[in-house]
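Asks: Okay, handing you the structure first.
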Amino acid sequence: MSGLARLAFTRAWGVLFVATLVVFAIAEHDAPARAATLAILLIAACKIRLVFLHFMELAAGAMPWRAILEVWVAVVTAIIIGVYLLT
């Protein structure tokens, strides 16, 4: 594995780690529940996307697979947020 690939993995891991800390801070903070939940869901969607792109190597994969990934993450996130907001 080249140094550049390791750097990308390390950056992705660092972003995932910081995002996890942010989610924890949001959950522990006395923020309005609805806003906190929406923020956590959006951060989770970003984390899923990072895992797919960097650790499942879809960033360098064929474009159709990456497009399917991007659409799937967006649709699932929209459905979850939509159902949450309707309840």
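By convention in this document, the chains of the structure tokens carry letters A, B, ... by their order, each chain's residues are numbered from 1, and ligands are numbered from 1 in the order they are shown.
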Excluding segment 57-67 of chain A and its own-chain neighbours fewer than 6 positions away, which residues fall within 12 Å of it when counting only C-alpha atoms? Please give them as a ChimeraX atom specification.
Replies: /A:5,8-9,12,49-51,73-74
Asks: How close does segment 23-56 of chain A get to segment 78-82 of chain A? List, as CSV, each residue of segment 23-56 of chain A within 10 Å, its nearest atom pair and the distance in Å to one decimal, counting only C-alpha atoms.
Replies:
residue,atom,partner,partner_atom,distance
A:Thr37,CA,A:Ile81,CA,9.2
A:Leu38,CA,A:Ile81,CA,7.1
A:Leu41,CA,A:Ile81,CA,7.5
A:Leu42,CA,A:Ile81,CA,8.8
A:Ala45,CA,A:Ala78,CA,9.9
Asks: Go ahead and save the picked residues with C-alpha atoms, as a compact mmCIF listing (two decimals), in the first residue's frame.
Replies:
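The new file out-v2.txt reads:
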# COMPACT_ATOMS: atom_id res chain seq x y z
CA THR A 37 -31.57 13.77 16.14
CA LEU A 38 -31.47 15.32 12.68
CA LEU A 41 -28.70 11.24 11.34
CA LEU A 42 -26.93 13.50 8.86
CA ALA A 45 -25.03 9.36 6.61
Asks: Neighbours of Leu16 of chain A within 10 Å (only C-alpha atoms; same-chain residues fewer than 4 positions away dropped), as an MDAnalysis selection string?
Replies: chainID A and resid 10:12 20:22 43:44 46:48 50:51
Asks: Using only C-alpha atoms, which residue out of A:Leu69, A:Ile40, A:Pro32, A:Arg6 lies closest to Phe52 of chain A?
Replies: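 Checking each candidate against Phe52 of chain A, we get A:Leu69 as the closest.
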Asks: Got a sec to tell me which of chain A DSSP assigns to helix (DSSP H, G or I), as a ChimeraX atom specification?
Replies: /A:3-28,33-55,63-86
Asks: Quick check, in Å to one decimal: how far apart do atom CA of Gly14 of chain A and atom CA of Arg34 of chain A lie?
Replies: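 Separation of atom CA of Gly14 of chain A and atom CA of Arg34 of chain A: 27.2 Å.
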Asks: I'd like to know which of A:Ala33, A:Val83, A:Ile68, A:Ala25 is closest to Leu53 of chain A, using only C-alpha atoms.
Replies: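 Of A:Ala33, A:Val83, A:Ile68, A:Ala25, the one nearest Leu53 of chain A is A:Ile68, counting only C-alpha atoms.
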Asks: What gap, in Å, lies between atom CA of Val18 of chain A and atom CA of Trp72 of chain A?
Replies: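 Atom CA of Trp72 of chain A lies 24.0 Å from atom CA of Val18 of chain A.
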Asks: Hey, can you check how far atom CA of Ala35 of chain A sits from atom CA of Leu85 of chain A?
Replies: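 Spanning atom CA of Ala35 of chain A to atom CA of Leu85 of chain A is a straight-line distance of 10.5 Å.
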